[in-house]
>>> print(open('input.pdb').read())   # PDB, C-alpha atoms and all ligand atoms
ATOM      1  CA  MET A   1      18.031 -39.424 -25.499
ATOM      2  CA  ILE A   2      18.911 -41.253 -22.310
ATOM      3  CA  GLU A   3      16.230 -43.712 -21.330
ATOM      4  CA  HIS A   4      15.631 -43.898 -17.627
ATOM      5  CA  PRO A   5      14.775 -47.178 -15.923
ATOM      6  CA  ARG A   6      11.064 -46.491 -15.572
ATOM      7  CA  ALA A   7      10.527 -45.057 -19.048
ATOM      8  CA  LYS A   8       8.776 -48.128 -20.419
ATOM      9  CA  ASN A   9       5.750 -48.049 -18.134
ATOM     10  CA  GLY A  10       6.250 -44.666 -16.545
ATOM     11  CA  MET A  11       4.675 -41.343 -17.469
ATOM     12  CA  THR A  12       4.920 -37.887 -16.028
ATOM     13  CA  GLY A  13       2.250 -36.822 -13.581
ATOM     14  CA  ALA A  14       1.266 -33.258 -14.485
ATOM     15  CA  VAL A  15      -0.426 -30.803 -12.126
ATOM     16  CA  ASP A  16      -1.732 -27.444 -13.365
ATOM     17  CA  ILE A  17      -2.791 -25.233 -10.448
ATOM     18  CA  GLY A  18      -4.905 -22.260 -11.441
ATOM     19  CA  GLY A  19      -6.951 -19.716  -9.505
ATOM     20  CA  THR A  20     -10.229 -21.544 -10.103
ATOM     21  CA  LYS A  21      -9.294 -25.116 -11.048
ATOM     22  CA  ILE A  22      -6.604 -27.728 -10.653
ATOM     23  CA  ALA A  23      -6.050 -30.099 -13.599
ATOM     24  CA  VAL A  24      -4.067 -33.308 -13.264
ATOM     25  CA  GLY A  25      -2.958 -35.652 -16.018
ATOM     26  CA  MET A  26      -0.603 -38.380 -17.144
ATOM     27  CA  ILE A  27       1.588 -37.292 -20.038
ATOM     28  CA  ASP A  28       3.924 -39.516 -22.043
ATOM     29  CA  ASP A  29       7.403 -38.635 -23.310
ATOM     30  CA  THR A  30       6.009 -37.170 -26.549
ATOM     31  CA  GLY A  31       3.646 -34.760 -24.792
ATOM     32  CA  SER A  32       0.449 -36.776 -25.356
ATOM     33  CA  VAL A  33      -2.207 -36.716 -22.642
ATOM     34  CA  HIS A  34      -3.264 -40.235 -21.528
ATOM     35  CA  ALA A  35      -5.546 -39.313 -18.644
ATOM     36  CA  ARG A  36      -6.958 -36.035 -17.380
ATOM     37  CA  LEU A  37      -8.951 -35.034 -14.315
ATOM     38  CA  GLU A  38      -9.856 -31.707 -12.832
ATOM     39  CA  ALA A  39     -11.329 -30.224  -9.687
ATOM     40  CA  ALA A  40     -12.076 -26.778  -8.289
ATOM     41  CA  THR A  41      -9.071 -25.172  -6.582
ATOM     42  CA  ASP A  42     -11.215 -24.272  -3.534
ATOM     43  CA  PRO A  43      -8.366 -22.434  -1.810
ATOM     44  CA  GLU A  44     -10.513 -21.684   1.241
ATOM     45  CA  GLN A  45     -10.586 -25.437   2.050
ATOM     46  CA  GLY A  46      -6.896 -25.112   2.827
ATOM     47  CA  TYR A  47      -3.701 -26.370   1.278
ATOM     48  CA  ARG A  48      -3.804 -29.888   2.818
ATOM     49  CA  ASN A  49      -7.242 -30.471   1.330
ATOM     50  CA  ALA A  50      -5.987 -29.445  -2.134
ATOM     51  CA  LEU A  51      -2.883 -31.623  -1.729
ATOM     52  CA  ASP A  52      -5.046 -34.629  -0.836
ATOM     53  CA  ARG A  53      -7.227 -34.045  -3.896
ATOM     54  CA  ILE A  54      -4.172 -33.686  -6.154
ATOM     55  CA  THR A  55      -2.774 -36.938  -4.720
ATOM     56  CA  THR A  56      -6.048 -38.803  -5.293
ATOM     57  CA  MET A  57      -6.380 -37.449  -8.838
ATOM     58  CA  LEU A  58      -2.768 -38.357  -9.710
ATOM     59  CA  ARG A  59      -3.300 -41.942  -8.486
ATOM     60  CA  GLN A  60      -6.557 -42.211 -10.406
ATOM     61  CA  ALA A  61      -4.982 -40.761 -13.571
ATOM     62  CA  ALA A  62      -2.130 -43.287 -13.350
ATOM     63  CA  ARG A  63      -4.648 -46.126 -13.002
ATOM     64  CA  THR A  64      -6.642 -44.851 -16.005
ATOM     65  CA  ALA A  65      -3.481 -44.534 -18.109
ATOM     66  CA  GLY A  66      -2.198 -47.910 -16.858
ATOM     67  CA  CYS A  67       1.181 -46.513 -15.923
ATOM     68  CA  GLU A  68       3.430 -45.662 -13.013
ATOM     69  CA  VAL A  69       4.186 -42.076 -12.039
ATOM     70  CA  ALA A  70       7.831 -41.599 -13.085
ATOM     71  CA  GLY A  71       8.022 -38.000 -11.904
ATOM     72  CA  ILE A  72       5.765 -35.034 -11.233
ATOM     73  CA  GLY A  73       5.755 -31.639 -12.943
ATOM     74  CA  ILE A  74       3.735 -28.721 -11.608
ATOM     75  CA  GLY A  75       2.761 -25.448 -13.256
ATOM     76  CA  SER A  76       1.094 -22.944 -10.962
ATOM     77  CA  THR A  77      -0.241 -19.457 -11.092
ATOM     78  CA  GLY A  78       2.485 -17.363  -9.464
ATOM     79  CA  PRO A  79       4.486 -16.235  -7.763
ATOM     80  CA  VAL A  80       6.189 -19.536  -6.956
ATOM     81  CA  ASP A  81       9.793 -20.317  -6.095
ATOM     82  CA  PRO A  82      10.959 -22.858  -8.678
ATOM     83  CA  MET A  83      14.062 -23.774  -6.682
ATOM     84  CA  THR A  84      12.542 -24.414  -3.257
ATOM     85  CA  GLY A  85       9.130 -25.530  -4.602
ATOM     86  CA  GLU A  86       7.255 -23.107  -2.357
ATOM     87  CA  PHE A  87       4.244 -20.969  -3.135
ATOM     88  CA  GLY A  88       4.818 -17.235  -2.802
ATOM     89  CA  ASN A  89       2.055 -14.766  -2.015
ATOM     90  CA  VAL A  90      -0.336 -15.934  -4.747
ATOM     91  CA  ASN A  91      -3.379 -13.683  -5.261
ATOM     92  CA  PHE A  92      -5.793 -16.596  -5.528
ATOM     93  CA  PHE A  93      -4.575 -18.554  -2.491
ATOM     94  CA  PRO A  94      -2.679 -16.199  -0.153
ATOM     95  CA  HIS A  95      -3.010 -18.632   2.774
ATOM     96  CA  TRP A  96      -0.906 -21.219   0.926
ATOM     97  CA  GLN A  97       2.206 -19.033   1.054
ATOM     98  CA  GLY A  98       5.214 -21.066   2.160
ATOM     99  CA  GLU A  99       3.500 -24.417   1.466
ATOM    100  CA  ASN A 100       5.606 -26.753  -0.655
ATOM    101  CA  PRO A 101       3.782 -29.068  -3.084
ATOM    102  CA  VAL A 102       7.075 -30.217  -4.634
ATOM    103  CA  ARG A 103       8.381 -31.607  -1.356
ATOM    104  CA  ASP A 104       4.969 -32.975  -0.354
ATOM    105  CA  LEU A 105       4.286 -34.792  -3.645
ATOM    106  CA  GLU A 106       7.853 -36.143  -3.721
ATOM    107  CA  SER A 107       7.326 -37.685  -0.322
ATOM    108  CA  ARG A 108       3.888 -39.095  -1.173
ATOM    109  CA  PHE A 109       4.899 -40.617  -4.523
ATOM    110  CA  ARG A 110       8.618 -41.231  -3.860
ATOM    111  CA  VAL A 111       9.595 -39.679  -7.204
ATOM    112  CA  SER A 112      11.229 -36.375  -8.129
ATOM    113  CA  ALA A 113       9.041 -33.308  -8.707
ATOM    114  CA  ALA A 114       9.518 -29.745  -9.929
ATOM    115  CA  MET A 115       7.369 -26.620 -10.153
ATOM    116  CA  GLU A 116       7.413 -23.503 -12.354
ATOM    117  CA  ASN A 117       5.171 -20.512 -12.921
ATOM    118  CA  ASP A 118       2.393 -21.658 -15.278
ATOM    119  CA  ALA A 119       3.451 -19.372 -18.150
ATOM    120  CA  ASP A 120       6.986 -20.763 -17.916
ATOM    121  CA  ALA A 121       5.541 -24.284 -17.866
ATOM    122  CA  ALA A 122       3.449 -23.650 -20.998
ATOM    123  CA  ALA A 123       6.495 -22.043 -22.662
ATOM    124  CA  LEU A 124       8.537 -25.182 -21.971
ATOM    125  CA  GLY A 125       5.709 -27.356 -23.324
ATOM    126  CA  GLU A 126       5.368 -25.373 -26.553
ATOM    127  CA  ALA A 127       9.165 -25.293 -26.950
ATOM    128  CA  ALA A 128       9.511 -29.064 -26.651
ATOM    129  CA  TRP A 129       6.301 -30.480 -28.053
ATOM    130  CA  GLY A 130       4.368 -27.627 -29.679
ATOM    131  CA  ALA A 131       4.641 -24.649 -31.998
ATOM    132  CA  GLY A 132       8.051 -23.654 -30.619
ATOM    133  CA  GLN A 133       9.928 -26.797 -31.625
ATOM    134  CA  CYS A 134      13.318 -26.093 -33.226
ATOM    135  CA  LYS A 135      13.153 -22.401 -32.294
ATOM    136  CA  ARG A 136      16.361 -21.397 -30.512
ATOM    137  CA  ARG A 137      14.974 -18.163 -29.125
ATOM    138  CA  LEU A 138      11.340 -18.610 -28.199
ATOM    139  CA  ILE A 139       8.955 -16.323 -26.348
ATOM    140  CA  TYR A 140       5.601 -17.721 -25.296
ATOM    141  CA  VAL A 141       2.842 -15.226 -24.497
ATOM    142  CA  THR A 142      -0.560 -16.144 -23.088
ATOM    143  CA  VAL A 143      -3.353 -13.574 -23.309
ATOM    144  CA  GLY A 144      -6.477 -14.223 -21.234
ATOM    145  CA  THR A 145      -7.551 -12.779 -17.888
ATOM    146  CA  GLY A 146      -3.957 -11.556 -17.627
ATOM    147  CA  ILE A 147      -0.867 -11.606 -19.810
ATOM    148  CA  GLY A 148       1.841 -14.120 -18.925
ATOM    149  CA  ALA A 149       5.020 -14.948 -20.756
ATOM    150  CA  GLY A 150       7.929 -17.358 -20.619
ATOM    151  CA  LEU A 151      11.255 -17.196 -22.454
ATOM    152  CA  VAL A 152      13.040 -20.336 -23.603
ATOM    153  CA  PHE A 153      16.469 -19.742 -25.106
ATOM    154  CA  GLY A 154      18.485 -22.695 -26.397
ATOM    155  CA  GLY A 155      16.064 -25.096 -24.716
ATOM    156  CA  GLU A 156      16.615 -23.484 -21.304
ATOM    157  CA  LEU A 157      14.101 -21.427 -19.405
ATOM    158  CA  TYR A 158      15.336 -17.867 -18.937
ATOM    159  CA  ARG A 159      15.450 -16.901 -15.262
ATOM    160  CA  GLY A 160      16.274 -13.529 -13.764
ATOM    161  CA  VAL A 161      18.324 -12.729 -10.709
ATOM    162  CA  ASP A 162      17.490 -14.942  -7.728
ATOM    163  CA  GLN A 163      15.702 -17.281 -10.207
ATOM    164  CA  ALA A 164      13.000 -14.641 -10.717
ATOM    165  CA  HIS A 165      10.321 -15.110 -13.367
ATOM    166  CA  PRO A 166      10.368 -11.963 -15.547
ATOM    167  CA  GLU A 167       6.957 -10.246 -15.447
ATOM    168  CA  ILE A 168       6.528  -9.326 -19.096
ATOM    169  CA  GLY A 169       2.789  -8.691 -18.613
ATOM    170  CA  HIS A 170       3.801  -5.756 -16.401
ATOM    171  CA  HIS A 171       6.154  -4.034 -18.803
ATOM    172  CA  LEU A 172       5.050  -0.463 -19.327
ATOM    173  CA  VAL A 173       3.270   0.321 -22.574
ATOM    174  CA  ASP A 174       1.476   3.604 -21.799
ATOM    175  CA  PRO A 175       2.151   5.629 -18.619
ATOM    176  CA  SER A 176      -1.219   7.349 -19.021
ATOM    177  CA  GLY A 177      -2.969   3.973 -19.188
ATOM    178  CA  PRO A 178      -5.379   2.397 -16.688
ATOM    179  CA  PRO A 179      -4.358   1.334 -13.164
ATOM    180  CA  CYS A 180      -2.836  -2.147 -12.934
ATOM    181  CA  SER A 181      -3.075  -4.842 -10.236
ATOM    182  CA  CYS A 182       0.623  -4.233  -9.495
ATOM    183  CA  GLY A 183      -0.088  -0.684  -8.331
ATOM    184  CA  PHE A 184       1.345   1.081 -11.388
ATOM    185  CA  ARG A 185      -0.447   2.348 -14.501
ATOM    186  CA  GLY A 186      -0.414   1.334 -18.131
ATOM    187  CA  CYS A 187       1.250  -2.088 -17.882
ATOM    188  CA  TRP A 188       0.772  -4.297 -20.945
ATOM    189  CA  GLU A 189      -1.672  -6.505 -19.036
ATOM    190  CA  SER A 190      -3.781  -3.556 -17.888
ATOM    191  CA  LEU A 191      -4.173  -2.449 -21.531
ATOM    192  CA  ALA A 192      -4.392  -5.669 -23.516
ATOM    193  CA  ALA A 193      -5.630  -8.625 -21.420
ATOM    194  CA  GLY A 194      -9.274  -9.742 -21.853
ATOM    195  CA  PRO A 195     -10.652  -7.648 -18.960
ATOM    196  CA  ALA A 196      -8.975  -4.537 -20.426
ATOM    197  CA  MET A 197     -10.911  -5.062 -23.646
ATOM    198  CA  VAL A 198     -14.142  -5.315 -21.657
ATOM    199  CA  GLU A 199     -13.324  -2.204 -19.610
ATOM    200  CA  TRP A 200     -12.550  -0.208 -22.742
ATOM    201  CA  PHE A 201     -15.858  -1.242 -24.348
ATOM    202  CA  ARG A 202     -17.833  -0.473 -21.162
ATOM    203  CA  ALA A 203     -16.307   2.995 -20.886
ATOM    204  CA  LYS A 204     -17.275   3.848 -24.464
ATOM    205  CA  ALA A 205     -20.685   2.134 -24.705
ATOM    206  CA  PRO A 206     -23.949   3.934 -23.927
ATOM    207  CA  ALA A 207     -25.256   3.131 -20.425
ATOM    208  CA  GLU A 208     -28.325   1.417 -21.879
ATOM    209  CA  HIS A 209     -26.271  -1.072 -23.942
ATOM    210  CA  PRO A 210     -28.082  -4.384 -23.321
ATOM    211  CA  GLU A 211     -24.976  -6.540 -22.840
ATOM    212  CA  LEU A 212     -22.853  -4.414 -20.514
ATOM    213  CA  ALA A 213     -23.453  -6.543 -17.418
ATOM    214  CA  THR A 214     -22.480  -9.839 -19.028
ATOM    215  CA  LEU A 215     -19.856  -8.658 -21.487
ATOM    216  CA  THR A 216     -16.699 -10.731 -22.085
ATOM    217  CA  ALA A 217     -13.781 -10.311 -24.469
ATOM    218  CA  LYS A 218     -15.078 -13.345 -26.359
ATOM    219  CA  ARG A 219     -18.471 -11.667 -26.805
ATOM    220  CA  ILE A 220     -16.845  -8.442 -28.019
ATOM    221  CA  CYS A 221     -15.041 -10.491 -30.695
ATOM    222  CA  GLU A 222     -18.349 -12.040 -31.741
ATOM    223  CA  LEU A 223     -19.983  -8.614 -31.939
ATOM    224  CA  ALA A 224     -17.075  -7.345 -34.053
ATOM    225  CA  ARG A 225     -17.600 -10.222 -36.469
ATOM    226  CA  GLU A 226     -21.300  -9.292 -36.655
ATOM    227  CA  GLY A 227     -20.252  -5.789 -37.702
ATOM    228  CA  ASP A 228     -20.906  -3.920 -34.427
ATOM    229  CA  ALA A 229     -19.033  -0.615 -34.836
ATOM    230  CA  LEU A 230     -17.969  -0.184 -31.191
ATOM    231  CA  ALA A 231     -16.810  -3.805 -30.950
ATOM    232  CA  ARG A 232     -14.725  -3.247 -34.076
ATOM    233  CA  ARG A 233     -13.097  -0.248 -32.423
ATOM    234  CA  ALA A 234     -12.442  -2.385 -29.339
ATOM    235  CA  VAL A 235     -10.676  -4.896 -31.581
ATOM    236  CA  GLU A 236      -8.606  -2.091 -33.143
ATOM    237  CA  HIS A 237      -7.678  -0.870 -29.653
ATOM    238  CA  GLU A 238      -6.662  -4.427 -28.732
ATOM    239  CA  VAL A 239      -4.569  -4.740 -31.909
ATOM    240  CA  GLN A 240      -2.783  -1.512 -30.998
ATOM    241  CA  TYR A 241      -1.936  -2.408 -27.396
ATOM    242  CA  LEU A 242      -1.355  -6.138 -27.750
ATOM    243  CA  GLY A 243       0.692  -5.276 -30.821
ATOM    244  CA  LEU A 244       2.826  -2.632 -29.053
ATOM    245  CA  GLY A 245       3.812  -5.117 -26.361
ATOM    246  CA  LEU A 246       4.661  -7.774 -28.935
ATOM    247  CA  ALA A 247       6.617  -5.246 -31.000
ATOM    248  CA  ASN A 248       8.592  -4.376 -27.850
ATOM    249  CA  LEU A 249       9.470  -8.064 -27.453
ATOM    250  CA  VAL A 250      10.582  -8.261 -31.090
ATOM    251  CA  THR A 251      12.782  -5.171 -30.686
ATOM    252  CA  LEU A 252      14.218  -6.261 -27.319
ATOM    253  CA  PHE A 253      14.940  -9.920 -28.120
ATOM    254  CA  ALA A 254      14.740 -10.402 -31.911
ATOM    255  CA  PRO A 255      13.436 -13.917 -31.195
ATOM    256  CA  ASP A 256      13.015 -16.730 -33.726
ATOM    257  CA  ALA A 257       9.378 -17.021 -32.722
ATOM    258  CA  ILE A 258       6.701 -15.633 -30.470
ATOM    259  CA  VAL A 259       4.098 -18.299 -29.728
ATOM    260  CA  LEU A 260       0.707 -16.929 -28.698
ATOM    261  CA  GLY A 261      -1.780 -18.784 -26.493
ATOM    262  CA  GLY A 262      -4.596 -18.042 -24.064
ATOM    263  CA  SER A 263      -8.334 -17.541 -24.495
ATOM    264  CA  LEU A 264      -8.090 -14.304 -26.503
ATOM    265  CA  MET A 265      -6.091 -16.082 -29.193
ATOM    266  CA  LYS A 266      -9.163 -18.115 -30.106
ATOM    267  CA  SER A 267     -10.037 -14.938 -32.027
ATOM    268  CA  SER A 268      -6.486 -14.433 -33.294
ATOM    269  CA  ASP A 269      -7.651 -13.889 -36.887
ATOM    270  CA  LEU A 270      -9.164 -10.579 -35.750
ATOM    271  CA  PHE A 271      -5.859  -9.391 -34.276
ATOM    272  CA  LEU A 272      -2.892 -10.896 -36.094
ATOM    273  CA  PRO A 273      -3.001  -9.021 -39.424
ATOM    274  CA  GLY A 274      -3.028  -5.639 -37.630
ATOM    275  CA  ILE A 275      -0.348  -6.762 -35.173
ATOM    276  CA  ARG A 276       1.926  -7.868 -38.033
ATOM    277  CA  ASN A 277       1.468  -4.429 -39.602
ATOM    278  CA  LEU A 278       2.376  -2.701 -36.371
ATOM    279  CA  ILE A 279       5.499  -4.850 -35.928
ATOM    280  CA  ARG A 280       6.537  -3.932 -39.468
ATOM    281  CA  GLN A 281       6.300  -0.240 -38.543
ATOM    282  CA  CYS A 282       7.873  -0.455 -35.067
ATOM    283  CA  CYS A 283      10.721  -2.902 -35.396
ATOM    284  CA  GLN A 284      12.852  -1.548 -38.233
ATOM    285  CA  TYR A 285      16.186  -1.996 -36.451
ATOM    286  CA  VAL A 286      15.831  -5.772 -36.055
ATOM    287  CA  PRO A 287      15.088  -8.447 -38.677
ATOM    288  CA  PHE A 288      11.422  -8.487 -37.615
ATOM    289  CA  GLU A 289      10.395 -10.381 -40.750
ATOM    290  CA  LYS A 290      12.352 -13.371 -39.455
ATOM    291  CA  THR A 291      10.424 -13.506 -36.161
ATOM    292  CA  GLU A 292       7.613 -15.958 -36.645
ATOM    293  CA  LEU A 293       4.334 -15.040 -34.939
ATOM    294  CA  ALA A 294       2.730 -18.445 -34.347
ATOM    295  CA  LEU A 295      -0.272 -19.744 -32.458
ATOM    296  CA  ALA A 296       0.238 -22.193 -29.603
ATOM    297  CA  SER A 297      -0.396 -25.731 -30.812
ATOM    298  CA  LEU A 298      -0.958 -27.664 -27.567
ATOM    299  CA  GLY A 299      -4.534 -26.347 -27.296
ATOM    300  CA  GLU A 300      -6.664 -26.413 -24.147
ATOM    301  CA  ASP A 301      -4.176 -28.632 -22.328
ATOM    302  CA  ALA A 302      -1.145 -26.393 -22.984
ATOM    303  CA  ASN A 303      -0.686 -25.654 -19.277
ATOM    304  CA  LEU A 304      -1.082 -29.298 -18.257
ATOM    305  CA  ILE A 305       1.291 -30.585 -20.934
ATOM    306  CA  GLY A 306       3.675 -27.768 -20.005
ATOM    307  CA  ALA A 307       3.544 -28.875 -16.359
ATOM    308  CA  ALA A 308       4.757 -32.315 -17.443
ATOM    309  CA  ARG A 309       7.542 -30.689 -19.424
ATOM    310  CA  VAL A 310       8.671 -28.881 -16.267
ATOM    311  CA  TRP A 311       9.740 -32.259 -14.881
ATOM    312  CA  HIS A 312      11.612 -33.239 -18.079
ATOM    313  CA  HIS A 313      13.321 -29.850 -18.136
ATOM    314  CA  ARG A 314      14.471 -30.114 -14.515
ATOM    315  CA  PHE A 315      15.408 -33.801 -14.689
ATOM    316  CA  PRO A 316      16.552 -34.410 -18.283
ATOM    317  CA  GLN A 317      17.753 -37.907 -17.381
ATOM    318  CA  GLY A 318      14.566 -38.856 -15.543
ATOM    319  CA  GLY A 319      16.055 -38.515 -12.072
ATOM    320  CA  THR A 320      14.275 -40.324  -9.269
ATOM    321  CA  SER A 321      15.501 -37.959  -6.586
ATOM    322  CA  ARG A 322      16.002 -34.209  -6.467
ATOM    323  CA  ALA A 323      19.108 -32.867  -8.103
TER     324      ALA A 323
HETATM  325 ZN    ZN A 401       1.269  -4.013 -13.704
END
>>> encode(input="input.pdb", output="structure tokens", more="lines below")
Ligand SMILES: [Zn+2]
Amino acid sequence: MIEHPRAKNGMTGAVDIGGTKIAVGMIDDTGSVHARLEAATDPEQGYRNALDRITTMLRQAARTAGCEVAGIGIGSTGPVDPMTGEFGNVNFFPHWQGENPVRDLESRFRVSAAMENDADAAALGEAAWGAGQCKRRLIYVTVGTGIGAGLVFGGELYRGVDQAHPEIGHHLVDPSGPPCSCGFRGCWESLAAGPAMVEWFRAKAPAEHPELATLTAKRICELAREGDALARRAVEHEVQYLGLGLANLVTLFAPDAIVLGGSLMKSSDLFLPGIRNLIRQCCQYVPFEKTELALASLGEDANLIGAARVWHHRFPQGGTSRA
């Protein structure tokens, strides 16, 4: 590994921009978190306000960690343009479209910066420092309020035409399925993300069910563990549709590993045995038994650690200016 001049007292400033919160941290060259701060995204306060808060938090994190900021990596809910560093038309902060946190943070900190979609960032983090280490063909899938995925082949992030981030959460699983945020029906996300599990349960439960108003996917998993019959069926439904999407990935890519993260995977023991069964049935034409189905190992900070890895991935020699 080539050591760059600031490696001894420098760490990567990481910025994870989500729909509801922004996390900032200082991450060393082994992926360990040395300082961490977070604030509400508050998109209605405007982009400049968020940029000022990110700047303040990065400076504070560097002071806490006792280090300099050697570079800045950003993971953001998409769409973002990884090459220009601009936000696209992001659902959660549509008024930030065209703003450029990469350029702005580079000018404030006088270091290089890079941004990726947050699923790509987490995929890079798991590939380098987590459950995907030493896997040549790695697919990272996060299952929570949506389904996101990133593909890392030979250590490089897979990009589509025009640097596009492939939208694996919107691959079609059942054309007769529920409507999706993208305008189509039956996308993987619309059938197997957390809210889909809740919707399925609500549609089947009696109107007087006491928990309908406050129901979450996490609660459905708890009810299933307590033996609730409908919750168990909801888990079976989830196994079927999460499993079909994963089986499609196994058939399409025959990867070394699929690493699974996101809030739903906290209950992975309820899903994985059934999903493995389904893959065994669906994927006969590829060596499915060689694809490892692993859980993400970077935990709650996977997105933040991944954001730091975005900078390493873009500037493998620790560049101090944009390539
Ligand atoms: Zn869709």
>>> residues_near_point(input="input.pdb", point="(-8.5, 1.8, -27.6)", cutoff="12 Å", atoms="all atoms listed in the file", output="ChimeraX atom specification")
/A:174,177-178,191-192,196-204,230-242
>>> resolve_selection(input="input.pdb", expression="the PyMOL selection byres (((chain A and resi 41) around 10) and not hetatm)", output="PyMOL selection string")
chain A and resi 17-23+38-40+42-47+49-50+53-54+92-93
>>> closest_atom_pairs(input="input.pdb", of="chain A", to="ligand ZN 401 (chain A)", cutoff="9 Å", atoms="all atoms listed in the file", output="Markdown table")
| residue | atom | partner | partner_atom | distance |
| --- | --- | --- | --- | --- |
| A:Glu167 | CA | A:ZN401 | ZN | 8.6 |
| A:Gly169 | CA | A:ZN401 | ZN | 6.9 |
| A:His170 | CA | A:ZN401 | ZN | 4.1 |
| A:His171 | CA | A:ZN401 | ZN | 7.1 |
| A:Leu172 | CA | A:ZN401 | ZN | 7.6 |
| A:Pro179 | CA | A:ZN401 | ZN | 7.8 |
| A:Cys180 | CA | A:ZN401 | ZN | 4.6 |
| A:Ser181 | CA | A:ZN401 | ZN | 5.6 |
| A:Cys182 | CA | A:ZN401 | ZN | 4.3 |
| A:Gly183 | CA | A:ZN401 | ZN | 6.5 |
| A:Phe184 | CA | A:ZN401 | ZN | 5.6 |
| A:Arg185 | CA | A:ZN401 | ZN | 6.6 |
| A:Gly186 | CA | A:ZN401 | ZN | 7.1 |
| A:Cys187 | CA | A:ZN401 | ZN | 4.6 |
| A:Trp188 | CA | A:ZN401 | ZN | 7.3 |
| A:Glu189 | CA | A:ZN401 | ZN | 6.6 |
| A:Ser190 | CA | A:ZN401 | ZN | 6.6 |
>>> write_last_selection(input="input.pdb", atoms="C-alpha atoms", output="CSV table (one decimal), in the coordinates of the input")
chain,number,residue,atom,x,y,z
A,167,GLU,CA,7.0,-10.2,-15.4
A,169,GLY,CA,2.8,-8.7,-18.6
A,170,HIS,CA,3.8,-5.8,-16.4
A,171,HIS,CA,6.2,-4.0,-18.8
A,172,LEU,CA,5.0,-0.5,-19.3
A,179,PRO,CA,-4.4,1.3,-13.2
A,180,CYS,CA,-2.8,-2.1,-12.9
A,181,SER,CA,-3.1,-4.8,-10.2
A,182,CYS,CA,0.6,-4.2,-9.5
A,183,GLY,CA,-0.1,-0.7,-8.3
A,184,PHE,CA,1.3,1.1,-11.4
A,185,ARG,CA,-0.4,2.3,-14.5
A,186,GLY,CA,-0.4,1.3,-18.1
A,187,CYS,CA,1.2,-2.1,-17.9
A,188,TRP,CA,0.8,-4.3,-20.9
A,189,GLU,CA,-1.7,-6.5,-19.0
A,190,SER,CA,-3.8,-3.6,-17.9
>>> resolve_selection(input="input.pdb", expression="the PyMOL selection byres (((chain A and resi 85) around 8) and not hetatm)", output="compact mmCIF listing (two decimals) with C-alpha atoms, in the coordinates of the input")
# COMPACT_ATOMS: atom_id res chain seq x y z
CA VAL A 80 6.19 -19.54 -6.96
CA ASP A 81 9.79 -20.32 -6.10
CA PRO A 82 10.96 -22.86 -8.68
CA MET A 83 14.06 -23.77 -6.68
CA THR A 84 12.54 -24.41 -3.26
CA GLU A 86 7.26 -23.11 -2.36
CA PHE A 87 4.24 -20.97 -3.14
CA ASN A 100 5.61 -26.75 -0.66
CA PRO A 101 3.78 -29.07 -3.08
CA VAL A 102 7.08 -30.22 -4.63
CA ARG A 103 8.38 -31.61 -1.36
CA ALA A 114 9.52 -29.74 -9.93
CA MET A 115 7.37 -26.62 -10.15
>>> atom_distance(input="input.pdb", atom1="atom CA of A:Gln281", atom2="atom CA of A:Ala257")
18.0 Å
